[in-house]
Amino acid sequence: MRHSIRIAVGPVQFRIGSDWAAPIAALEHLYRGYPQDETRPADATVRLFAARPWRRWVRPSVHIGGDFVVPDALPLPLSMGLLAAEMGMNLQVALGWRRHMLLHASAVAKDGRALIMSGESGSGKSTLAALLGEGDWRLMGDEFTLIEPVSGDALAFPRGVSLKNEAIAAVAARVDAARLGPLMAGTPKGDIRHLIPRADAIAAMHEPARPALLLFPRFGGDAAIEPMGEGEAFVRLTEASTNYVALGEAGFAALTRLVRETPAFGISYPDSVTGIALVEQLWAEAAK
Amino acid sequence: MSAVQTFVDLLAGRREASSLASRDWDGVIGVARSEAMLATLAHRLAGADLPPTVAALFVDQRAAGAVAQRQALWEAEMARRALAPVGIEFVLLKGAAYAAAGMACAAGRQIGDLDILVLASDIRRAENALLNAEWEWVKSDPYDDFYYREHMHELPPLIHKSRDRMIDVHHTILPRTHRITPDALALVSDAVTSADGFAVLNPADMACHCAAHMLADGDLQGGLRNLWDFHLMTRDFAVADPRFWEQLDVRARLHGLLDAVQRAARLSRDLYGAVLPAGWSGPEATDRWFRERLFARDDWGRVTRPLLEQAFYIRSHWLRMPPTMLAQHLWTKWRKR
């Protein structure tokens, strides 16, 4: 393809090709601090392309392709090329990666132990992880957490953090502007702006962490903590995993072990300050 | 050299994996994924000298392939449990059959839907038994439903409520409206029992079906994989039975599939280095278009010859139904857009 870039996030080596220069330039900016091995073959391919040649210039719209595609996925305007790249990368991992069990969850780590947060879009799991990652935690990822089936360890997938709507201002107030990507307003997912993880989090991205606490955050409502049984945590995580079924017995073994060995709680919080206080409290009292 | 050529050469054993520059793997892996053959390549190159990250990816692929195969055979067992009590016997087709029979082409082969073949006289009872066992319709469109029932070689696809897996119940192997009418009764009555206890087509019929599926029915999407299946199965059948190619000739004539089978044999020779017996190797000028269609992928996994792809798509429809019916079908489809 005309323009391309190679990016390694956690264990996955991507190559991303594009019919336009702009999305690749935006990725170069976002991923400039990531370690890069130019000789490493790509595990996964993402293509950003124009459906018709003239659509590269006339009302340019970015179709997302790659090893795996979603049929009938709507294209995005070129101004949202970075979001298209992010969606393409997520898709390849969600549908193609088999080495680890994938959880749609954010994670942060401290002293080699991981806090894993799973929830729907809008639960605040990304924002909590981003804010904790600016404190004395290591950000492991805001979208995927990888569980190694044999050891049970959590592995990081620290892609550029996708901040949405109100979270943008909350995080932007705390970080150097050089660590933020361009603001993409009015995307199908609302306003989006990417945050480059801290250099130490990127440097440590291959270091596994032992799962110590599972949280299921819910943004909105009064502050509350609810202990969660193994069964409920198990069912919620099967729903949050994109490859649980494909992994078969190995996935079942990894997930049962995770919920048996890791205390789990649901938390509700009205604002991020309260949310972080609840997280720190549970980490001090209940984490393994 | 193009990635798809390198990929085919690796499968054929014409090229050593160690001769690839590390970045050559980008395109090879991309093409293999586009053809749904990455796990197949991983098996073919087990033990080869590979870059460490490629070796690790191939380990993942082989493990995932084994899980997928076990799940596919479990799905076949579920169908057996639904159909056996009402006395319907079925023949496994395609991927699940290759797995049940422990064939070489099953190693890493992607298995999508469960394909089974029943006697035409059993098709209504099979449908009812599956609906009673929690399969349900996928398509709700009345025209599609009518089209399947009236003109196709299979029921409209059914999906299982809780396992989310599809089953295609065939009563023959080509659409009813196709120019060619294979002998479906002979396919079922001459089926054999596999190592796993499932009925599968006998070797010659299995190769006929493989060729029919690739060359007489479809538009050659997934052609490299179907051709790989054909190559490995004919190679191994011929080793097990010296008279295999003669039997294949007889059965292909019976089913009206001699052209498709002979073309598949020539293409498997051209691409994968198959050794053919005398009488099978004649030149055929039109093979060229099939080779070009099979190789029409660039290093990013994209189809490179849209006109050729379109031509094969039109060809597949042309073979599937008479011209007036094709016109009606396209008109109905176009109006519904």
# chains A, B, ... in the order shown; residues from 1 in each chain; ligands from 1

call {"tool": "interface_residues", "arguments": {"of": "chain A", "to": "chain B", "cutoff": "9 Å", "atoms": "only C-alpha atoms", "output": "ChimeraX atom specification"}}
result
/A:1,15,17,38-47,66-68,97-99,246-249

call {"tool": "residues_around", "arguments": {"residues": "B:Leu83", "least_positions_apart": "6", "cutoff": "12 Å", "atoms": "only C-alpha atoms", "output": "ChimeraX atom specification"}}
result
/B:76-77,89-91,116,118,122-133,169

call {"tool": "select_by_dssp", "arguments": {"residues": "stretch 241-327 of chain B", "states": "helix (DSSP H, G or I)", "output": "PyMOL selection string"}}
result
chain B and resi 244-255+258-272+287-294+306-320+323-327

call {"tool": "residues_around", "arguments": {"residues": "A:Met87", "least_positions_apart": "4", "cutoff": "8 Å", "atoms": "only C-alpha atoms", "output": "PyMOL selection string"}}
result
chain A and resi 64+83+91

call {"tool": "write_last_selection", "arguments": {"atoms": "all heavy atoms", "output": "PDB file, in the first residue's frame"}}
result
ATOM      1  N   ILE A  64     -12.184   0.012   6.663  1.00  0.00           N
ATOM      2  CA  ILE A  64     -11.276  -0.747   7.517  1.00  0.00           C
ATOM      3  C   ILE A  64     -11.201  -2.176   6.992  1.00  0.00           C
ATOM      4  O   ILE A  64     -12.209  -2.873   6.924  1.00  0.00           O
ATOM      5  CB  ILE A  64     -11.769  -0.749   8.970  1.00  0.00           C
ATOM      6  CG1 ILE A  64     -11.914   0.690   9.475  1.00  0.00           C
ATOM      7  CG2 ILE A  64     -10.827  -1.551   9.862  1.00  0.00           C
ATOM      8  CD1 ILE A  64     -12.672   0.814  10.781  1.00  0.00           C
ATOM      9  N   LEU A  83      -8.927   6.818  14.300  1.00  0.00           N
ATOM     10  CA  LEU A  83      -9.926   5.938  14.929  1.00  0.00           C
ATOM     11  C   LEU A  83     -10.115   4.675  14.078  1.00  0.00           C
ATOM     12  O   LEU A  83     -10.226   3.568  14.618  1.00  0.00           O
ATOM     13  CB  LEU A  83     -11.259   6.688  15.080  1.00  0.00           C
ATOM     14  CG  LEU A  83     -12.421   5.864  15.635  1.00  0.00           C
ATOM     15  CD1 LEU A  83     -12.119   5.362  17.040  1.00  0.00           C
ATOM     16  CD2 LEU A  83     -13.718   6.682  15.625  1.00  0.00           C
ATOM     17  N   LEU A  91      -9.749  -5.100  15.995  1.00  0.00           N
ATOM     18  CA  LEU A  91     -10.454  -6.190  15.327  1.00  0.00           C
ATOM     19  C   LEU A  91      -9.525  -7.372  15.059  1.00  0.00           C
ATOM     20  O   LEU A  91      -9.895  -8.529  15.276  1.00  0.00           O
ATOM     21  CB  LEU A  91     -11.034  -5.659  14.011  1.00  0.00           C
ATOM     22  CG  LEU A  91     -11.943  -6.605  13.244  1.00  0.00           C
ATOM     23  CD1 LEU A  91     -13.224  -6.827  14.027  1.00  0.00           C
ATOM     24  CD2 LEU A  91     -12.264  -6.025  11.871  1.00  0.00           C
TER      25      LEU A  91
END

call {"tool": "closest_residue", "arguments": {"among": "A:Gly112, A:Gly96, A:Gly220, A:Pro158", "to": "A:Gly133", "atoms": "only C-alpha atoms"}}
result
A:Pro158

call {"tool": "atom_distance", "arguments": {"atom1": "atom CA of A:Leu163", "atom2": "atom CA of A:Ser126"}}
result
7.2 Å

call {"tool": "residues_around", "arguments": {"residues": "B:Pro203", "least_positions_apart": "6", "cutoff": "12 Å", "atoms": "only C-alpha atoms", "output": "PyMOL selection string"}}
result
chain B and resi 93+97-98+101+103+187+190-194+209-210+230+232-241+243-249+251-252

call {"tool": "closest_residue", "arguments": {"among": "A:Arg198, A:Arg56, A:Arg210, A:Lys164", "to": "A:Ala109", "atoms": "only C-alpha atoms"}}
result
A:Arg210

call {"tool": "residues_around", "arguments": {"residues": "stretch 285-294 of chain B", "least_positions_apart": "6", "cutoff": "8 Å", "atoms": "only C-alpha atoms", "output": "VMD selection string"}}
result
chain B and resid 220 223 to 224 263 267 305 308 to 309

call {"tool": "closest_residue", "arguments": {"among": "B:Arg44, B:Arg81, B:Arg14, B:His213", "to": "B:Leu257", "atoms": "only C-alpha atoms"}}
result
B:His213

call {"tool": "residues_around", "arguments": {"residues": "A:Phe216", "least_positions_apart": "2", "cutoff": "12 Å", "atoms": "only C-alpha atoms", "output": "ChimeraX atom specification"}}
result
/A:104-107,115-126,128,213-214,218-219,224-228,232-234,236-237,240,263-269,275,278-279

call {"tool": "write_last_selection", "arguments": {"atoms": "C-alpha atoms", "output": "PDB file, in the first residue's frame"}}
result
ATOM      1  CA  HIS A 104     -12.107  -6.756  26.985  1.00  0.00           C
ATOM      2  CA  ALA A 105     -10.796  -5.048  30.115  1.00  0.00           C
ATOM      3  CA  SER A 106      -8.389  -2.361  31.245  1.00  0.00           C
ATOM      4  CA  ALA A 107      -5.561  -3.137  33.646  1.00  0.00           C
ATOM      5  CA  LEU A 115      -5.766  -4.888  38.864  1.00  0.00           C
ATOM      6  CA  ILE A 116      -8.130  -5.839  36.036  1.00  0.00           C
ATOM      7  CA  MET A 117     -11.243  -3.773  35.290  1.00  0.00           C
ATOM      8  CA  SER A 118     -13.943  -5.097  32.989  1.00  0.00           C
ATOM      9  CA  GLY A 119     -17.075  -3.323  31.872  1.00  0.00           C
ATOM     10  CA  GLU A 120     -19.174  -2.118  28.995  1.00  0.00           C
ATOM     11  CA  SER A 121     -18.263   0.961  27.019  1.00  0.00           C
ATOM     12  CA  GLY A 122     -19.116   3.911  29.305  1.00  0.00           C
ATOM     13  CA  SER A 123     -18.324   2.049  32.535  1.00  0.00           C
ATOM     14  CA  GLY A 124     -15.254   4.231  32.972  1.00  0.00           C
ATOM     15  CA  LYS A 125     -12.727   1.401  32.907  1.00  0.00           C
ATOM     16  CA  SER A 126     -10.497   3.270  30.439  1.00  0.00           C
ATOM     17  CA  LEU A 128      -9.894   4.877  35.692  1.00  0.00           C
ATOM     18  CA  LEU A 213      -8.035  -7.939  41.948  1.00  0.00           C
ATOM     19  CA  LEU A 214     -10.949  -8.014  39.500  1.00  0.00           C
ATOM     20  CA  ARG A 218     -20.111   1.190  36.773  1.00  0.00           C
ATOM     21  CA  PHE A 219     -20.028   4.930  36.305  1.00  0.00           C
ATOM     22  CA  ALA A 224     -20.943   1.396  46.404  1.00  0.00           C
ATOM     23  CA  ILE A 225     -18.925  -1.797  46.658  1.00  0.00           C
ATOM     24  CA  GLU A 226     -20.468  -5.211  46.052  1.00  0.00           C
ATOM     25  CA  PRO A 227     -18.501  -8.423  46.454  1.00  0.00           C
ATOM     26  CA  MET A 228     -18.994 -10.672  43.445  1.00  0.00           C
ATOM     27  CA  GLU A 232     -20.966 -14.187  38.252  1.00  0.00           C
ATOM     28  CA  ALA A 233     -17.405 -13.055  37.582  1.00  0.00           C
ATOM     29  CA  PHE A 234     -16.918 -16.090  35.359  1.00  0.00           C
ATOM     30  CA  ARG A 236     -19.268 -11.727  32.956  1.00  0.00           C
ATOM     31  CA  LEU A 237     -15.725 -12.465  31.800  1.00  0.00           C
ATOM     32  CA  ALA A 240     -16.002  -9.884  27.948  1.00  0.00           C
ATOM     33  CA  PRO A 263     -11.185 -11.545  44.475  1.00  0.00           C
ATOM     34  CA  ALA A 264     -13.887  -9.751  42.460  1.00  0.00           C
ATOM     35  CA  PHE A 265     -16.090  -6.743  43.191  1.00  0.00           C
ATOM     36  CA  GLY A 266     -18.615  -4.570  41.426  1.00  0.00           C
ATOM     37  CA  ILE A 267     -18.199  -0.872  42.169  1.00  0.00           C
ATOM     38  CA  SER A 268     -20.389   2.136  41.417  1.00  0.00           C
ATOM     39  CA  TYR A 269     -19.047   5.677  41.548  1.00  0.00           C
ATOM     40  CA  GLY A 275     -13.846   5.825  41.763  1.00  0.00           C
ATOM     41  CA  LEU A 278     -12.742   2.982  45.960  1.00  0.00           C
ATOM     42  CA  VAL A 279     -10.119   1.239  43.830  1.00  0.00           C
TER      43      VAL A 279
END

call {"tool": "residues_around", "arguments": {"residues": "A:Ala26", "least_positions_apart": "2", "cutoff": "10 Å", "atoms": "only C-alpha atoms", "output": "count of residues only"}}
result
14

call {"tool": "atom_distance", "arguments": {"atom1": "atom CA of B:Pro85", "atom2": "atom CA of B:Ala120"}}
result
18.3 Å

call {"tool": "select_by_dssp", "arguments": {"residues": "stretch 58-174 of chain A", "states": "strand (DSSP E)", "output": "short mmCIF file (atom, residue, chain, number, x, y, z; two decimals) with all heavy atoms, in the first residue's frame"}}
result
data_model
loop_
_atom_site.label_atom_id
_atom_site.label_comp_id
_atom_site.auth_asym_id
_atom_site.auth_seq_id
_atom_site.Cartn_x
_atom_site.Cartn_y
_atom_site.Cartn_z
N SER A 61 -13.31 8.63 2.27
CA SER A 61 -13.83 7.86 3.40
C SER A 61 -13.00 6.59 3.55
O SER A 61 -12.65 5.94 2.57
CB SER A 61 -15.32 7.55 3.23
OG SER A 61 -15.50 6.68 2.16
N VAL A 62 -12.70 6.28 4.82
CA VAL A 62 -11.73 5.25 5.15
C VAL A 62 -12.45 3.94 5.46
O VAL A 62 -13.19 3.86 6.44
CB VAL A 62 -10.88 5.67 6.38
CG1 VAL A 62 -9.81 4.63 6.66
CG2 VAL A 62 -10.26 7.04 6.15
N HIS A 63 -12.24 2.94 4.62
CA HIS A 63 -12.75 1.61 4.93
C HIS A 63 -11.70 0.85 5.73
O HIS A 63 -10.51 1.00 5.50
CB HIS A 63 -13.07 0.84 3.64
CG HIS A 63 -14.31 1.33 2.96
ND1 HIS A 63 -15.51 0.68 3.04
CD2 HIS A 63 -14.54 2.44 2.20
CE1 HIS A 63 -16.42 1.34 2.36
NE2 HIS A 63 -15.86 2.40 1.84
N ILE A 64 -12.18 0.01 6.66
CA ILE A 64 -11.28 -0.75 7.52
C ILE A 64 -11.20 -2.18 6.99
O ILE A 64 -12.21 -2.87 6.92
CB ILE A 64 -11.77 -0.75 8.97
CG1 ILE A 64 -11.91 0.69 9.47
CG2 ILE A 64 -10.83 -1.55 9.86
CD1 ILE A 64 -12.67 0.81 10.78
N GLY A 65 -9.99 -2.60 6.63
CA GLY A 65 -9.80 -3.96 6.17
C GLY A 65 -8.66 -4.61 6.92
O GLY A 65 -8.10 -4.03 7.85
N GLY A 66 -8.32 -5.81 6.50
CA GLY A 66 -7.21 -6.50 7.15
C GLY A 66 -7.41 -8.00 7.05
O GLY A 66 -8.23 -8.48 6.26
N LEU A 76 -15.27 5.55 7.76
CA LEU A 76 -15.17 6.78 8.55
C LEU A 76 -14.57 7.88 7.68
O LEU A 76 -13.80 7.60 6.76
CB LEU A 76 -14.26 6.55 9.76
CG LEU A 76 -14.80 5.62 10.84
CD1 LEU A 76 -13.71 5.24 11.83
CD2 LEU A 76 -15.96 6.30 11.58
N PRO A 77 -14.91 9.15 7.96
CA PRO A 77 -14.27 10.22 7.20
C PRO A 77 -12.76 10.25 7.48
O PRO A 77 -12.31 9.78 8.53
CB PRO A 77 -14.95 11.49 7.73
CG PRO A 77 -15.62 11.10 8.99
CD PRO A 77 -15.90 9.63 8.91
N MET A 101 -5.74 -15.66 26.38
CA MET A 101 -7.16 -15.37 26.47
C MET A 101 -7.32 -13.86 26.54
O MET A 101 -6.68 -13.18 27.35
CB MET A 101 -7.78 -16.00 27.72
CG MET A 101 -9.29 -15.77 27.75
SD MET A 101 -10.08 -16.64 29.09
CE MET A 101 -9.28 -15.88 30.48
N LEU A 102 -8.16 -13.34 25.66
CA LEU A 102 -8.34 -11.90 25.59
C LEU A 102 -9.52 -11.48 26.43
O LEU A 102 -10.62 -12.03 26.28
CB LEU A 102 -8.65 -11.51 24.14
CG LEU A 102 -7.46 -11.49 23.20
CD1 LEU A 102 -7.95 -11.61 21.78
CD2 LEU A 102 -6.71 -10.19 23.39
N LEU A 103 -9.28 -10.52 27.31
CA LEU A 103 -10.40 -9.94 28.05
C LEU A 103 -10.58 -8.51 27.58
O LEU A 103 -9.60 -7.76 27.47
CB LEU A 103 -10.12 -9.94 29.55
CG LEU A 103 -9.98 -11.32 30.20
CD1 LEU A 103 -9.66 -11.17 31.68
CD2 LEU A 103 -11.25 -12.15 30.01
N HIS A 104 -11.81 -8.14 27.29
CA HIS A 104 -12.11 -6.76 26.98
C HIS A 104 -12.12 -6.03 28.33
O HIS A 104 -13.15 -5.96 29.00
CB HIS A 104 -13.46 -6.68 26.27
CG HIS A 104 -13.80 -5.31 25.80
ND1 HIS A 104 -15.05 -4.79 25.92
CD2 HIS A 104 -13.04 -4.36 25.25
CE1 HIS A 104 -15.05 -3.56 25.44
NE2 HIS A 104 -13.84 -3.28 25.03
N ALA A 105 -10.95 -5.60 28.77
CA ALA A 105 -10.80 -5.05 30.12
C ALA A 105 -9.56 -4.15 30.14
O ALA A 105 -8.62 -4.35 29.38
CB ALA A 105 -10.61 -6.19 31.13
N SER A 106 -9.58 -3.17 31.03
CA SER A 106 -8.39 -2.36 31.24
C SER A 106 -7.62 -2.98 32.41
O SER A 106 -8.15 -3.79 33.17
CB SER A 106 -8.76 -0.91 31.55
OG SER A 106 -9.41 -0.83 32.81
N ALA A 107 -6.34 -2.61 32.53
CA ALA A 107 -5.56 -3.14 33.65
C ALA A 107 -4.43 -2.18 34.01
O ALA A 107 -3.89 -1.48 33.15
CB ALA A 107 -4.99 -4.51 33.30
N VAL A 108 -4.12 -2.17 35.31
CA VAL A 108 -2.95 -1.45 35.81
C VAL A 108 -2.23 -2.39 36.77
O VAL A 108 -2.82 -3.37 37.25
CB VAL A 108 -3.35 -0.14 36.54
CG1 VAL A 108 -3.91 0.89 35.58
CG2 VAL A 108 -4.35 -0.42 37.66
N ALA A 109 -0.96 -2.12 37.01
CA ALA A 109 -0.19 -3.04 37.86
C ALA A 109 0.67 -2.26 38.85
O ALA A 109 1.03 -1.11 38.62
CB ALA A 109 0.69 -3.94 37.01
N LYS A 110 0.93 -2.94 39.95
CA LYS A 110 1.80 -2.39 40.98
C LYS A 110 2.55 -3.56 41.60
O LYS A 110 1.93 -4.57 41.91
CB LYS A 110 0.93 -1.68 42.02
CG LYS A 110 1.67 -0.66 42.87
CD LYS A 110 0.77 -0.19 43.99
CE LYS A 110 0.04 1.09 43.57
NZ LYS A 110 -0.68 1.70 44.72
N ARG A 113 1.75 -7.06 40.49
CA ARG A 113 0.39 -7.57 40.67
C ARG A 113 -0.59 -6.71 39.87
O ARG A 113 -0.44 -5.49 39.83
CB ARG A 113 0.01 -7.59 42.15
CG ARG A 113 0.84 -8.61 42.95
CD ARG A 113 1.00 -8.14 44.38
NE ARG A 113 -0.24 -8.24 45.14
CZ ARG A 113 -0.70 -7.29 45.97
NH1 ARG A 113 -0.01 -6.17 46.13
NH2 ARG A 113 -1.81 -7.48 46.63
N ALA A 114 -1.56 -7.34 39.28
CA ALA A 114 -2.44 -6.62 38.34
C ALA A 114 -3.84 -6.40 38.90
O ALA A 114 -4.42 -7.27 39.55
CB ALA A 114 -2.54 -7.39 37.03
N LEU A 115 -4.36 -5.21 38.62
CA LEU A 115 -5.77 -4.89 38.86
C LEU A 115 -6.44 -4.87 37.50
O LEU A 115 -6.04 -4.12 36.61
CB LEU A 115 -5.87 -3.52 39.54
CG LEU A 115 -7.20 -2.78 39.42
CD1 LEU A 115 -8.30 -3.53 40.14
CD2 LEU A 115 -7.07 -1.36 39.96
N ILE A 116 -7.45 -5.71 37.33
CA ILE A 116 -8.13 -5.84 36.04
C ILE A 116 -9.54 -5.28 36.17
O ILE A 116 -10.27 -5.64 37.10
CB ILE A 116 -8.17 -7.32 35.59
CG1 ILE A 116 -6.74 -7.84 35.43
CG2 ILE A 116 -8.94 -7.48 34.29
CD1 ILE A 116 -6.64 -9.35 35.24
N MET A 117 -9.92 -4.40 35.24
CA MET A 117 -11.24 -3.77 35.29
C MET A 117 -12.01 -4.06 34.01
O MET A 117 -11.58 -3.70 32.92
CB MET A 117 -11.10 -2.26 35.49
CG MET A 117 -10.56 -1.90 36.86
SD MET A 117 -10.30 -0.12 37.08
CE MET A 117 -8.75 0.12 36.22
N SER A 118 -13.15 -4.72 34.16
CA SER A 118 -13.94 -5.10 32.99
C SER A 118 -15.29 -4.40 33.04
O SER A 118 -15.88 -4.27 34.11
CB SER A 118 -14.14 -6.62 32.97
OG SER A 118 -15.03 -6.97 31.93
N ARG A 138 1.37 1.21 37.04
CA ARG A 138 1.83 1.04 35.66
C ARG A 138 0.60 0.71 34.81
O ARG A 138 -0.10 -0.26 35.09
CB ARG A 138 2.85 -0.10 35.62
CG ARG A 138 3.09 -0.68 34.24
CD ARG A 138 3.85 -2.00 34.36
NE ARG A 138 3.59 -2.83 33.18
CZ ARG A 138 3.66 -4.15 33.17
NH1 ARG A 138 3.95 -4.82 34.27
NH2 ARG A 138 3.40 -4.81 32.07
N LEU A 139 0.35 1.51 33.77
CA LEU A 139 -0.78 1.23 32.88
C LEU A 139 -0.45 0.01 32.03
O LEU A 139 0.57 -0.04 31.36
CB LEU A 139 -1.04 2.43 31.96
CG LEU A 139 -2.16 2.20 30.94
CD1 LEU A 139 -3.53 2.27 31.59
CD2 LEU A 139 -2.07 3.21 29.80
N MET A 140 -1.34 -0.99 32.06
CA MET A 140 -1.13 -2.18 31.21
C MET A 140 -1.95 -2.09 29.93
O MET A 140 -1.56 -2.65 28.91
CB MET A 140 -1.50 -3.45 31.97
CG MET A 140 -0.59 -3.73 33.16
SD MET A 140 -1.03 -5.25 34.04
CE MET A 140 -0.48 -6.51 32.89
N GLY A 141 -3.08 -1.42 30.02
CA GLY A 141 -3.88 -1.27 28.81
C GLY A 141 -5.28 -0.78 29.13
O GLY A 141 -5.76 -0.98 30.26
N PHE A 144 -7.67 -4.13 26.05
CA PHE A 144 -7.51 -5.59 26.17
C PHE A 144 -6.54 -5.92 27.29
O PHE A 144 -5.50 -5.27 27.44
CB PHE A 144 -6.93 -6.20 24.90
CG PHE A 144 -7.87 -6.18 23.73
CD1 PHE A 144 -7.49 -5.57 22.54
CD2 PHE A 144 -9.11 -6.78 23.80
CE1 PHE A 144 -8.35 -5.56 21.45
CE2 PHE A 144 -9.97 -6.77 22.71
CZ PHE A 144 -9.59 -6.16 21.53
N THR A 145 -6.87 -6.95 28.07
CA THR A 145 -5.91 -7.55 28.98
C THR A 145 -5.76 -9.00 28.55
O THR A 145 -6.76 -9.67 28.25
CB THR A 145 -6.43 -7.47 30.43
OG1 THR A 145 -6.62 -6.09 30.76
CG2 THR A 145 -5.43 -8.08 31.40
N LEU A 146 -4.52 -9.48 28.46
CA LEU A 146 -4.25 -10.82 27.95
C LEU A 146 -3.90 -11.73 29.12
O LEU A 146 -3.07 -11.38 29.95
CB LEU A 146 -3.08 -10.77 26.96
CG LEU A 146 -3.34 -10.24 25.55
CD1 LEU A 146 -4.02 -8.89 25.55
CD2 LEU A 146 -2.04 -10.17 24.76
N ILE A 147 -4.54 -12.89 29.17
CA ILE A 147 -4.23 -13.85 30.22
C ILE A 147 -3.47 -15.02 29.60
O ILE A 147 -3.94 -15.65 28.65
CB ILE A 147 -5.52 -14.38 30.89
CG1 ILE A 147 -6.37 -13.21 31.43
CG2 ILE A 147 -5.19 -15.38 32.00
CD1 ILE A 147 -5.74 -12.43 32.56
N ALA A 154 -1.27 -12.01 33.84
CA ALA A 154 -1.84 -11.00 32.94
C ALA A 154 -0.70 -10.35 32.16
O ALA A 154 0.37 -10.09 32.70
CB ALA A 154 -2.60 -9.95 33.74
N LEU A 155 -0.96 -10.13 30.86
CA LEU A 155 0.01 -9.44 30.02
C LEU A 155 -0.60 -8.14 29.50
O LEU A 155 -1.81 -8.05 29.30
CB LEU A 155 0.42 -10.32 28.84
CG LEU A 155 1.32 -11.50 29.20
CD1 LEU A 155 1.50 -12.42 28.01
CD2 LEU A 155 2.67 -10.98 29.68
N VAL A 161 -4.16 5.12 24.67
CA VAL A 161 -5.44 5.09 25.41
C VAL A 161 -6.48 5.93 24.68
O VAL A 161 -6.21 7.06 24.29
CB VAL A 161 -5.24 5.63 26.84
CG1 VAL A 161 -6.57 5.63 27.58
CG2 VAL A 161 -4.21 4.78 27.58
N SER A 162 -7.65 5.35 24.50
CA SER A 162 -8.71 6.04 23.77
C SER A 162 -9.61 6.76 24.79
O SER A 162 -10.47 6.16 25.41
CB SER A 162 -9.50 4.98 22.99
OG SER A 162 -10.41 5.58 22.14
N LEU A 163 -9.37 8.06 24.96
CA LEU A 163 -10.17 8.84 25.90
C LEU A 163 -11.43 9.33 25.20
O LEU A 163 -11.37 9.75 24.05
CB LEU A 163 -9.38 10.05 26.41
CG LEU A 163 -8.05 9.75 27.11
CD1 LEU A 163 -7.25 11.05 27.29
CD2 LEU A 163 -8.30 9.08 28.46
N LYS A 164 -12.55 9.27 25.92
CA LYS A 164 -13.81 9.66 25.28
C LYS A 164 -14.53 10.72 26.09
O LYS A 164 -14.54 10.68 27.33
CB LYS A 164 -14.72 8.45 25.12
CG LYS A 164 -14.13 7.39 24.20
CD LYS A 164 -15.11 6.28 23.87
CE LYS A 164 -14.41 5.21 23.05
NZ LYS A 164 -13.58 4.30 23.86
#

call {"tool": "closest_residue", "arguments": {"among": "B:Ala204, B:Asp164, B:Thr324, B:Ala99", "to": "A:Val245", "atoms": "only C-alpha atoms"}}
result
B:Asp164

call {"tool": "closest_residue", "arguments": {"among": "A:Ala223, A:Ala209, A:Val9, A:Gly186", "to": "A:Asp111", "atoms": "only C-alpha atoms"}}
result
A:Ala209

call {"tool": "atom_distance", "arguments": {"atom1": "atom CA of A:Thr242", "atom2": "atom CA of A:Ala94"}}
result
5.5 Å
